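*Asks:* Structure in structure tokens, see below.
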Amino acid sequence: MPFVWQSQSRSNANSSISKILTLNVFFDDHYMPHIKVAKKETKHDSSIYNKHMRAQLGRYVLQDITNPVMDVWVREQIVAGYKRSTINKHIFLLNRFLNIARRWGFIPHHSHNQHNIKKLPVGDFKQRFLDKHEIEHLLKHCRTSTHPFLYLIIQLLLHTGARIGEARQIKWRHVDFNKRIWTVPVSKNGRSRRIVLSDAAIGILNDARAKCERLMLDTSPDCYVFSNPKSGKPYTSFNSAWFMVRDNAGLSDVRIHDLRHTFASLLVNKGVSLYEVQTLLGHSSPQMTQRYAHLAPDLLHSRTELVSSIINGESI
């Protein structure tokens, strides 16, 4: 039948290509054109590949990237001193290459010596939360920064639990000041999400508007809230200003993403349920929020007492 013949023909063609298709050619000619359409951000994939795979694995034909080869590649990164969590990101990307190559028929679906690599054990999830004193100290140093928006950005992250990428891309039209809702068109999981804004967060955005007006930056709906005054475009990062401020504040171990953890920890410690925290953070699954459960042991103990009271017939 014609359809079957075409499928077999395509399969045979892919099988022939796979015998000469190196990982470098697969990445450049097949993976990147596909991912540029299917994925919002591709710079991380390119950066990881060019730094950690192109020279190390790129010359191998796909079928020759066997588990012994991959195990050596992982071991060399461990010896080089890379963090296990970093190596796991590299492993994740290589596994994605193999999965796509299987789906496209470049390598067999089942091979005794070409299984996906298991991620390295990294121990407990590392979390860093700022206490009230540290927050005050950090904000005090942010005020002294020469960056025109850093103080406002750090405040917004602390008051909303937003991701730094979401803050970089926020436009004025994304904020409904009447309903106090900030809509992120595309979040980390690929879906839109709504961030509930407190009175303080609204005040921060109003301060940002005033700052833009003083800097003669456009505040029309389609413009970015935090635009670089020199280019009028959104900042690519705030790392330089952030690193300087946190180091001056004596908080060198704090990552900017830890502000999101701090937002969650403050909520949990005030008795807010994990379901509500999940909703406010925009987590796609409750497992992602479960990491904060240990922050309120006293609250959890009090909940178990409710059951004991019912069983023992005590009045609640």
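Chain lettering (A, B, ...) mirrors the order of the structure tokens, residue numbering begins at 1 for each chain separately, and ligand numbering begins at 1 in order of display.
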Please provide the set of residues having any atom within 9 Å of range 71-78 of chain A, restricted to only C-alpha atoms, with same-chain residues fewer than 3 positions apart removed, written as number ranges by chain.
*Replies:* A: 52-53, 56-57, 66-68, 81-84, 87, 90-91, 117
*Asks:* Could you give me the residues within range 97-297 of chain A that DSSP places in strand (DSSP E), as a list in words?
*Replies:*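 Secondary structure check on range 97-297 of chain A, strand (DSSP E): Val175, Asp176, Ile181, Trp182, Thr183, Val184, Arg193, Arg194, Ile195 and Val196 of chain A.
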*Asks:* Kindly save the residues from that selection, with N, CA and C atoms included, as a PDB file, in the first residue's frame.
*Replies:*
ATOM      1  N   VAL A 175      -0.661  44.414  33.234  1.00  0.00           N
ATOM      2  CA  VAL A 175      -1.116  44.707  34.595  1.00  0.00           C
ATOM      3  C   VAL A 175      -2.505  45.342  34.561  1.00  0.00           C
ATOM      4  N   ASP A 176      -3.454  44.705  35.260  1.00  0.00           N
ATOM      5  CA  ASP A 176      -4.785  45.269  35.454  1.00  0.00           C
ATOM      6  C   ASP A 176      -4.792  45.908  36.840  1.00  0.00           C
ATOM      7  N   ILE A 181      -4.234  42.436  39.106  1.00  0.00           N
ATOM      8  CA  ILE A 181      -3.769  41.173  38.535  1.00  0.00           C
ATOM      9  C   ILE A 181      -2.686  41.458  37.497  1.00  0.00           C
ATOM     10  N   TRP A 182      -1.605  40.723  37.605  1.00  0.00           N
ATOM     11  CA  TRP A 182      -0.525  40.766  36.612  1.00  0.00           C
ATOM     12  C   TRP A 182      -0.589  39.449  35.837  1.00  0.00           C
ATOM     13  N   THR A 183      -0.851  39.543  34.537  1.00  0.00           N
ATOM     14  CA  THR A 183      -0.953  38.358  33.695  1.00  0.00           C
ATOM     15  C   THR A 183       0.368  38.118  32.973  1.00  0.00           C
ATOM     16  N   VAL A 184       0.954  36.961  33.217  1.00  0.00           N
ATOM     17  CA  VAL A 184       2.178  36.556  32.515  1.00  0.00           C
ATOM     18  C   VAL A 184       1.733  35.759  31.285  1.00  0.00           C
ATOM     19  N   ARG A 193      -0.136  32.684  33.238  1.00  0.00           N
ATOM     20  CA  ARG A 193      -0.516  32.612  34.648  1.00  0.00           C
ATOM     21  C   ARG A 193      -0.827  33.998  35.166  1.00  0.00           C
ATOM     22  N   ARG A 194      -1.622  34.050  36.228  1.00  0.00           N
ATOM     23  CA  ARG A 194      -2.040  35.310  36.824  1.00  0.00           C
ATOM     24  C   ARG A 194      -1.372  35.466  38.177  1.00  0.00           C
ATOM     25  N   ILE A 195      -0.756  36.613  38.399  1.00  0.00           N
ATOM     26  CA  ILE A 195      -0.104  36.926  39.668  1.00  0.00           C
ATOM     27  C   ILE A 195      -0.967  37.938  40.403  1.00  0.00           C
ATOM     28  N   VAL A 196      -1.382  37.575  41.606  1.00  0.00           N
ATOM     29  CA  VAL A 196      -2.222  38.469  42.412  1.00  0.00           C
ATOM     30  C   VAL A 196      -1.329  39.528  43.052  1.00  0.00           C
TER      31      VAL A 196
END
*Asks:* Near range 242-259 of chain A, within 10 Å and counting only C-alpha atoms, which residues show up once chain neighbours fewer than 2 positions away are dropped, as a tab-separated table (two decimals) with N, CA and C atoms, in the first residue's frame?
*Replies:*
chain	number	residue	atom	x	y	z
A	127	GLN	N	17.62	25.12	49.82
A	127	GLN	CA	16.76	26.29	49.86
A	127	GLN	C	17.40	27.36	50.74
A	128	ARG	N	17.26	28.59	50.34
A	128	ARG	CA	17.78	29.71	51.12
A	128	ARG	C	16.65	30.71	51.28
A	129	PHE	N	16.30	30.99	52.53
A	129	PHE	CA	15.23	31.94	52.81
A	129	PHE	C	15.80	33.14	53.56
A	130	LEU	N	15.36	34.31	53.20
A	130	LEU	CA	15.79	35.50	53.90
A	130	LEU	C	14.84	35.79	55.06
A	134	GLU	N	17.37	40.28	57.17
A	134	GLU	CA	18.12	40.18	55.92
A	134	GLU	C	17.41	40.91	54.78
A	135	ILE	N	16.09	40.83	54.76
A	135	ILE	CA	15.32	41.54	53.74
A	135	ILE	C	15.53	43.04	53.86
A	137	HIS	N	18.02	44.58	55.26
A	137	HIS	CA	19.42	44.88	54.94
A	137	HIS	C	19.65	44.88	53.43
A	138	LEU	N	19.05	43.90	52.75
A	138	LEU	CA	19.19	43.81	51.29
A	138	LEU	C	18.57	45.03	50.61
A	139	LEU	N	17.36	45.38	51.02
A	139	LEU	CA	16.68	46.52	50.40
A	139	LEU	C	17.42	47.83	50.66
A	140	LYS	N	18.02	47.93	51.85
A	140	LYS	CA	18.80	49.13	52.18
A	140	LYS	C	19.94	49.30	51.17
A	141	HIS	N	20.63	48.21	50.84
A	141	HIS	CA	21.72	48.29	49.88
A	141	HIS	C	21.21	48.46	48.45
A	142	CYS	N	20.02	47.92	48.16
A	142	CYS	CA	19.45	48.11	46.81
A	142	CYS	C	19.19	49.58	46.53
A	143	ARG	N	18.80	50.32	47.57
A	143	ARG	CA	18.53	51.75	47.40
A	143	ARG	C	19.76	52.51	46.95
A	144	THR	N	20.94	52.02	47.30
A	144	THR	CA	22.18	52.72	46.96
A	144	THR	C	22.69	52.35	45.57
A	145	SER	N	22.07	51.38	44.91
A	145	SER	CA	22.53	50.93	43.60
A	145	SER	C	22.34	52.02	42.55
A	147	HIS	N	21.84	51.28	39.54
A	147	HIS	CA	20.88	50.74	38.56
A	147	HIS	C	19.54	51.43	38.77
A	150	LEU	N	16.77	48.53	39.97
A	150	LEU	CA	17.04	47.34	40.78
A	150	LEU	C	16.23	47.32	42.06
A	151	TYR	N	16.17	48.43	42.77
A	151	TYR	CA	15.43	48.50	44.03
A	151	TYR	C	13.96	48.12	43.83
A	154	ILE	N	13.66	44.22	42.88
A	154	ILE	CA	13.83	43.32	44.03
A	154	ILE	C	12.61	43.39	44.92
A	155	GLN	N	12.07	44.57	45.12
A	155	GLN	CA	10.84	44.69	45.91
A	155	GLN	C	9.69	43.92	45.27
A	156	LEU	N	9.55	44.05	43.95
A	156	LEU	CA	8.45	43.38	43.25
A	156	LEU	C	8.57	41.87	43.37
A	157	LEU	N	9.79	41.34	43.26
A	157	LEU	CA	10.00	39.90	43.39
A	157	LEU	C	9.64	39.42	44.79
A	158	LEU	N	10.03	40.18	45.80
A	158	LEU	CA	9.74	39.81	47.18
A	158	LEU	C	8.24	39.86	47.48
A	159	HIS	N	7.55	40.81	46.88
A	159	HIS	CA	6.12	40.99	47.17
A	159	HIS	C	5.20	40.12	46.33
A	160	THR	N	5.73	39.49	45.27
A	160	THR	CA	4.88	38.69	44.38
A	160	THR	C	5.33	37.24	44.24
A	161	GLY	N	6.61	36.95	44.53
A	161	GLY	CA	7.12	35.61	44.28
A	161	GLY	C	7.32	35.34	42.80
A	162	ALA	N	7.35	36.38	41.99
A	162	ALA	CA	7.52	36.21	40.55
A	162	ALA	C	8.94	35.76	40.23
A	163	ARG	N	9.11	35.16	39.08
A	163	ARG	CA	10.43	34.79	38.58
A	163	ARG	C	11.08	36.02	37.96
A	164	ILE	N	12.41	36.06	37.96
A	164	ILE	CA	13.11	37.21	37.40
A	164	ILE	C	12.81	37.38	35.92
A	237	SER	N	19.50	40.98	31.61
A	237	SER	CA	19.69	40.43	32.95
A	237	SER	C	19.96	41.58	33.92
A	238	PHE	N	19.89	41.26	35.21
A	238	PHE	CA	20.22	42.23	36.25
A	238	PHE	C	21.40	41.72	37.09
A	239	ASN	N	22.14	40.76	36.54
A	239	ASN	CA	23.13	40.05	37.33
A	239	ASN	C	24.22	40.95	37.91
A	240	SER	N	24.79	41.83	37.10
A	240	SER	CA	25.90	42.66	37.57
A	240	SER	C	25.49	43.50	38.76
A	261	HIS	N	11.67	31.86	46.83
A	261	HIS	CA	11.57	30.95	47.97
A	261	HIS	C	11.18	31.71	49.24
A	262	THR	N	11.73	32.91	49.39
A	262	THR	CA	11.43	33.72	50.58
A	262	THR	C	9.96	34.10	50.62
A	263	PHE	N	9.41	34.48	49.48
A	263	PHE	CA	7.98	34.80	49.39
A	263	PHE	C	7.14	33.62	49.86
A	264	ALA	N	7.49	32.41	49.40
A	264	ALA	CA	6.75	31.21	49.78
A	264	ALA	C	6.91	30.91	51.26
A	265	SER	N	8.13	31.06	51.78
A	265	SER	CA	8.37	30.73	53.19
A	265	SER	C	7.62	31.67	54.12
*Asks:* Which residues in range 74-252 of chain A does DSSP call alpha helix (DSSP H)? List them as a count of residues only.
*Replies:* 80
*Asks:* How close does range 73-169 of chain A get to range 208-219 of chain A? List, as JSON lines, each residue of range 73-169 of chain A within 9 Å, its nearest atom pair and the distance in Å to one decimal, counting only C-alpha atoms.
*Replies:*
{"residue": "A:Pro148", "atom": "CA", "partner": "A:Lys211", "partner_atom": "CA", "distance": 8.0}
{"residue": "A:Phe149", "atom": "CA", "partner": "A:Ala208", "partner_atom": "CA", "distance": 7.5}
{"residue": "A:Leu152", "atom": "CA", "partner": "A:Ala208", "partner_atom": "CA", "distance": 6.8}
{"residue": "A:Ile153", "atom": "CA", "partner": "A:Ala208", "partner_atom": "CA", "distance": 8.9}
*Asks:* Would you save the residues from that selection as a PDB file, in the first residue's frame, using C-alpha atoms?
*Replies:*
ATOM      1  CA  PRO A 148      17.712  52.782  37.896  1.00  0.00           C
ATOM      2  CA  PHE A 149      15.293  49.924  38.567  1.00  0.00           C
ATOM      3  CA  LEU A 152      11.951  48.344  42.484  1.00  0.00           C
ATOM      4  CA  ILE A 153      12.596  44.970  40.819  1.00  0.00           C
TER       5      ILE A 153
END
*Asks:* Have a look at CA of Phe26 in chain A and CA of Asn88 in chain A and let me know their distance in Å, one decimal.
*Replies:*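 Spanning CA of Phe26 in chain A to CA of Asn88 in chain A is a straight-line distance of 21.3 Å.
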*Asks:* What lies within 8 Å of range 266-273 of chain A using only C-alpha atoms, ignoring chain neighbours under 2 positions off, as a list in words?
*Replies:* Thr262, Phe263, Ala264, Tyr275, Glu276, Val277, Tyr292, Ala293, Leu295, Ala296 and Leu299 of chain A
